Amino acid sequence: MVREAVGGNVLLRSIVALLDCEVICGHEVLDIEVPFCFAADLMSDVLAFSAPDSLLITGLTSVQSVHTAHVADCRGILFVSGKQPSPEALKLARDNSIPLLATAHSMADSCGILLHHGLSPASKA
Amino acid sequence: MTQPIPTSRPAGEAKTDEVLYGESFRIVGNDFEHGGEVATRVKAILKQLGFPTDAIRRLSIANFEAEMNVIMYAAEGSLELAVLPTAVRVTVSDRGQGIPDIEWAMQEGHSTATPEMRARGFGAGLGLPNIRRNSDEFNIESTVGVGTVLRYVVYANGKAGS
């Protein structure tokens with residue numbers, strides 16, 4: 001399983017542009033600032049090591065990804081590798097006002113692009 | 001129940017063991033579809049009660065891990081929530097296989113999870129350590145073939161550096 005973390009300050013809207021994201025829900029909150037991004041497919045890793053207010057980058061599309069983002073105070077979720085959230089995950093995200101993005105880039109490429117654009121490594125661990 | 005919970009303990013005011021709000025939530029084993037709903041509902045309750053953000057996050061993480069443990073390893077269980085003036089006390093009891101070696105299970109990376117559990121993002125051997133890490137008080141009792149009882153407390157102003 002993959003776990004990566006990058007940190008800095010960036011608008012969600014900028015991440016959408018950098019990674020050519022589809023905005024699945026949360027169009028109204030694209031101007032929020034994201035101080036960190038945390039990438040993992042293991043939700044326990046997110047719960048154990050992510051900092052509050054992170055953007056969760058994951059390939060896990062089940063409803064547990066949204067529950068994890070919610071309880072860990074993530075500012076949104078970016079699904080990688082062209083993956084789309086399940087209908088249950090999408091409904092839960094809408095109910096809790098959690099923006100969902102999707103990109104065709106892989107998890108590693110997504111982290112690399114964000115790092116390349118000035119975000120420095122950071123995590124709670 | 002919308003009074004903000006104080007972040008420090010005023011001497012001579014509310015009794016610290018007085019239960020301001022209590023509720024019991026049922027958890028069904030192997031019900032991955034609803035895994036996380038209890039933690040999400042408890043989080044909403046604590047936000048409404050005005051519990052501090054950091055404490056809500058720590059408690060929510062502990063609750064989510066505990067809820068998923070019941071779903072993954074037990075037939076059924078419950079999460080008992082008791083909101084006190086300066087803390088939240090949680091008891092998670094299950095009827096299930098129990099834990100043969102608690103000391104082993106409390107170490108990070110030690111897990112008996114199946115590939116299916118891991119595919120759902122859990123079973124990395126971080127659950128119990130993560131609950132303890134996010135709690136200010138933690139206790140676990142388990143009987144093989146009977147079940148497990150977790151008791152943990154999160155203080156409103158607890159655990160520096162978490």
# chains A, B, ... in the order shown; residues from 1 in each chain; ligands from 1
$ residues_around --residues "region 139-150 of chain B" --least-positions-apart "2" --cutoff "10 Å" --atoms "only C-alpha atoms" --output "PyMOL selection string"
chain B and resi 66+70+73-79+90-102+106+128+131-132+135+137+152-153
$ write_last_selection --atoms "C-alpha atoms" --output "short mmCIF file (atom, residue, chain, number, x, y, z; two decimals), in the first residue's frame"
data_model
loop_
_atom_site.label_atom_id
_atom_site.label_comp_id
_atom_site.auth_asym_id
_atom_site.auth_seq_id
_atom_site.Cartn_x
_atom_site.Cartn_y
_atom_site.Cartn_z
CA ALA B 66 -13.21 0.50 17.21
CA VAL B 70 -16.27 -4.97 15.56
CA TYR B 73 -13.79 -9.45 13.83
CA ALA B 74 -17.07 -9.85 15.76
CA ALA B 75 -20.61 -11.06 15.22
CA GLU B 76 -22.10 -7.96 16.80
CA GLY B 77 -21.29 -5.24 19.27
CA SER B 78 -22.21 -1.89 20.70
CA LEU B 79 -20.66 1.50 21.31
CA VAL B 90 -16.72 5.24 25.41
CA THR B 91 -17.23 1.51 25.90
CA VAL B 92 -17.17 -0.76 22.86
CA SER B 93 -18.25 -4.32 23.63
CA ASP B 94 -18.51 -7.15 21.16
CA ARG B 95 -19.55 -10.76 20.97
CA GLY B 96 -16.91 -12.41 18.86
CA GLN B 97 -13.70 -14.36 18.58
CA GLY B 98 -11.79 -12.37 21.19
CA ILE B 99 -8.05 -11.62 21.16
CA PRO B 100 -5.70 -14.45 22.25
CA ASP B 101 -2.68 -12.20 22.82
CA ILE B 102 -3.55 -8.58 23.62
CA MET B 106 -1.43 -3.80 20.60
CA LEU B 128 -5.88 -0.83 18.55
CA ILE B 131 -7.29 3.94 19.59
CA ARG B 132 -4.80 4.02 22.46
CA SER B 135 -7.22 8.31 24.04
CA GLU B 137 -7.40 6.64 29.22
CA TYR B 152 -11.43 4.66 26.51
CA VAL B 153 -11.77 8.27 27.56
#
$ residues_around --residues "Gln84 (chain A)" --least-positions-apart "5" --cutoff "12 Å" --atoms "only C-alpha atoms" --output "JSON, numbers by chain"
{"A": [21, 22, 23, 24, 25, 58, 59, 60, 61, 62, 63, 65, 77, 78, 79, 89, 90, 100, 101, 102, 103, 104]}
$ write_last_selection --atoms "N, CA and C atoms" --output "PDB file, in the first residue's frame"
ATOM      1  N   CYS A  21      -8.299  17.810 -12.793  1.00  0.00           N
ATOM      2  CA  CYS A  21      -9.298  17.018 -12.053  1.00  0.00           C
ATOM      3  C   CYS A  21     -10.711  17.223 -12.569  1.00  0.00           C
ATOM      4  N   GLU A  22     -11.490  16.190 -12.434  1.00  0.00           N
ATOM      5  CA  GLU A  22     -12.946  16.315 -12.504  1.00  0.00           C
ATOM      6  C   GLU A  22     -13.433  16.667 -11.102  1.00  0.00           C
ATOM      7  N   VAL A  23     -14.261  17.692 -11.005  1.00  0.00           N
ATOM      8  CA  VAL A  23     -14.857  18.024  -9.711  1.00  0.00           C
ATOM      9  C   VAL A  23     -16.179  17.270  -9.608  1.00  0.00           C
ATOM     10  N   ILE A  24     -16.183  16.240  -8.791  1.00  0.00           N
ATOM     11  CA  ILE A  24     -17.377  15.384  -8.687  1.00  0.00           C
ATOM     12  C   ILE A  24     -18.447  16.043  -7.829  1.00  0.00           C
ATOM     13  N   CYS A  25     -18.034  16.637  -6.739  1.00  0.00           N
ATOM     14  CA  CYS A  25     -18.939  17.460  -5.939  1.00  0.00           C
ATOM     15  C   CYS A  25     -18.105  18.447  -5.143  1.00  0.00           C
ATOM     16  N   THR A  58      -6.341   9.219  -2.600  1.00  0.00           N
ATOM     17  CA  THR A  58      -6.512   7.775  -2.407  1.00  0.00           C
ATOM     18  C   THR A  58      -7.057   7.096  -3.653  1.00  0.00           C
ATOM     19  N   GLY A  59      -6.870   5.801  -3.693  1.00  0.00           N
ATOM     20  CA  GLY A  59      -7.498   4.986  -4.732  1.00  0.00           C
ATOM     21  C   GLY A  59      -8.657   4.186  -4.177  1.00  0.00           C
ATOM     22  N   LEU A  60      -8.937   4.364  -2.892  1.00  0.00           N
ATOM     23  CA  LEU A  60     -10.045   3.635  -2.260  1.00  0.00           C
ATOM     24  C   LEU A  60     -11.343   4.403  -2.493  1.00  0.00           C
ATOM     25  N   THR A  61     -12.285   3.780  -3.181  1.00  0.00           N
ATOM     26  CA  THR A  61     -13.486   4.504  -3.592  1.00  0.00           C
ATOM     27  C   THR A  61     -14.720   4.130  -2.774  1.00  0.00           C
ATOM     28  N   SER A  62     -14.545   3.282  -1.774  1.00  0.00           N
ATOM     29  CA  SER A  62     -15.695   2.862  -0.969  1.00  0.00           C
ATOM     30  C   SER A  62     -16.125   3.972  -0.022  1.00  0.00           C
ATOM     31  N   VAL A  63     -17.260   3.738   0.633  1.00  0.00           N
ATOM     32  CA  VAL A  63     -17.798   4.727   1.557  1.00  0.00           C
ATOM     33  C   VAL A  63     -16.843   4.970   2.735  1.00  0.00           C
ATOM     34  N   SER A  65     -13.753   5.587   2.604  1.00  0.00           N
ATOM     35  CA  SER A  65     -12.842   6.702   2.325  1.00  0.00           C
ATOM     36  C   SER A  65     -13.463   8.023   2.766  1.00  0.00           C
ATOM     37  N   ILE A  77     -11.347  14.970  -0.851  1.00  0.00           N
ATOM     38  CA  ILE A  77     -10.740  13.718  -1.309  1.00  0.00           C
ATOM     39  C   ILE A  77     -10.420  13.836  -2.794  1.00  0.00           C
ATOM     40  N   LEU A  78      -9.226  13.379  -3.155  1.00  0.00           N
ATOM     41  CA  LEU A  78      -8.838  13.267  -4.558  1.00  0.00           C
ATOM     42  C   LEU A  78      -8.695  11.785  -4.887  1.00  0.00           C
ATOM     43  N   PHE A  79      -9.546  11.285  -5.780  1.00  0.00           N
ATOM     44  CA  PHE A  79      -9.449   9.899  -6.228  1.00  0.00           C
ATOM     45  C   PHE A  79      -8.508   9.845  -7.432  1.00  0.00           C
ATOM     46  N   ALA A  89     -20.580   6.526  -1.379  1.00  0.00           N
ATOM     47  CA  ALA A  89     -19.524   7.469  -0.988  1.00  0.00           C
ATOM     48  C   ALA A  89     -19.882   8.883  -1.438  1.00  0.00           C
ATOM     49  N   LEU A  90     -20.410   8.992  -2.647  1.00  0.00           N
ATOM     50  CA  LEU A  90     -20.781  10.309  -3.165  1.00  0.00           C
ATOM     51  C   LEU A  90     -21.895  10.934  -2.329  1.00  0.00           C
ATOM     52  N   LEU A 100     -15.227  16.239  -3.566  1.00  0.00           N
ATOM     53  CA  LEU A 100     -14.598  15.061  -4.175  1.00  0.00           C
ATOM     54  C   LEU A 100     -14.043  15.441  -5.540  1.00  0.00           C
ATOM     55  N   LEU A 101     -12.770  15.091  -5.766  1.00  0.00           N
ATOM     56  CA  LEU A 101     -12.119  15.314  -7.045  1.00  0.00           C
ATOM     57  C   LEU A 101     -11.663  13.974  -7.604  1.00  0.00           C
ATOM     58  N   ALA A 102     -11.483  13.921  -8.925  1.00  0.00           N
ATOM     59  CA  ALA A 102     -10.936  12.706  -9.546  1.00  0.00           C
ATOM     60  C   ALA A 102      -9.935  13.115 -10.613  1.00  0.00           C
ATOM     61  N   THR A 103      -8.831  12.377 -10.664  1.00  0.00           N
ATOM     62  CA  THR A 103      -7.807  12.647 -11.672  1.00  0.00           C
ATOM     63  C   THR A 103      -7.388  11.347 -12.337  1.00  0.00           C
ATOM     64  N   ALA A 104      -6.936  11.456 -13.579  1.00  0.00           N
ATOM     65  CA  ALA A 104      -6.420  10.271 -14.281  1.00  0.00           C
ATOM     66  C   ALA A 104      -4.998   9.944 -13.837  1.00  0.00           C
TER      67      ALA A 104
END
$ interface_residues --of "chain A" --to "chain B" --cutoff "12 Å" --atoms "only C-alpha atoms" --output "number ranges by chain"
A: 1-3, 40-53, 58-74, 86-89, 92-93, 95-96, 124-125
$ residues_around --residues "Ile32 (chain A)" --least-positions-apart "3" --cutoff "9 Å" --atoms "only C-alpha atoms" --output "ChimeraX atom specification"
/A:10-13,29,75
$ write_last_selection --atoms "C-alpha atoms" --output "PDB file, in the first residue's frame"
ATOM      1  CA  VAL A  10      -2.640  25.729  -2.001  1.00  0.00           C
ATOM      2  CA  LEU A  11      -6.146  26.460  -3.177  1.00  0.00           C
ATOM      3  CA  LEU A  12      -8.256  23.440  -4.006  1.00  0.00           C
ATOM      4  CA  ARG A  13      -8.936  25.148  -7.316  1.00  0.00           C
ATOM      5  CA  VAL A  29     -15.747  25.240  -2.038  1.00  0.00           C
ATOM      6  CA  ARG A  75     -10.816  19.091   3.565  1.00  0.00           C
TER       7      ARG A  75
END
$ atom_distance --atom1 "CA of Val88 (chain B)" --atom2 "CA of Ala105 (chain B)"
24.6 Å
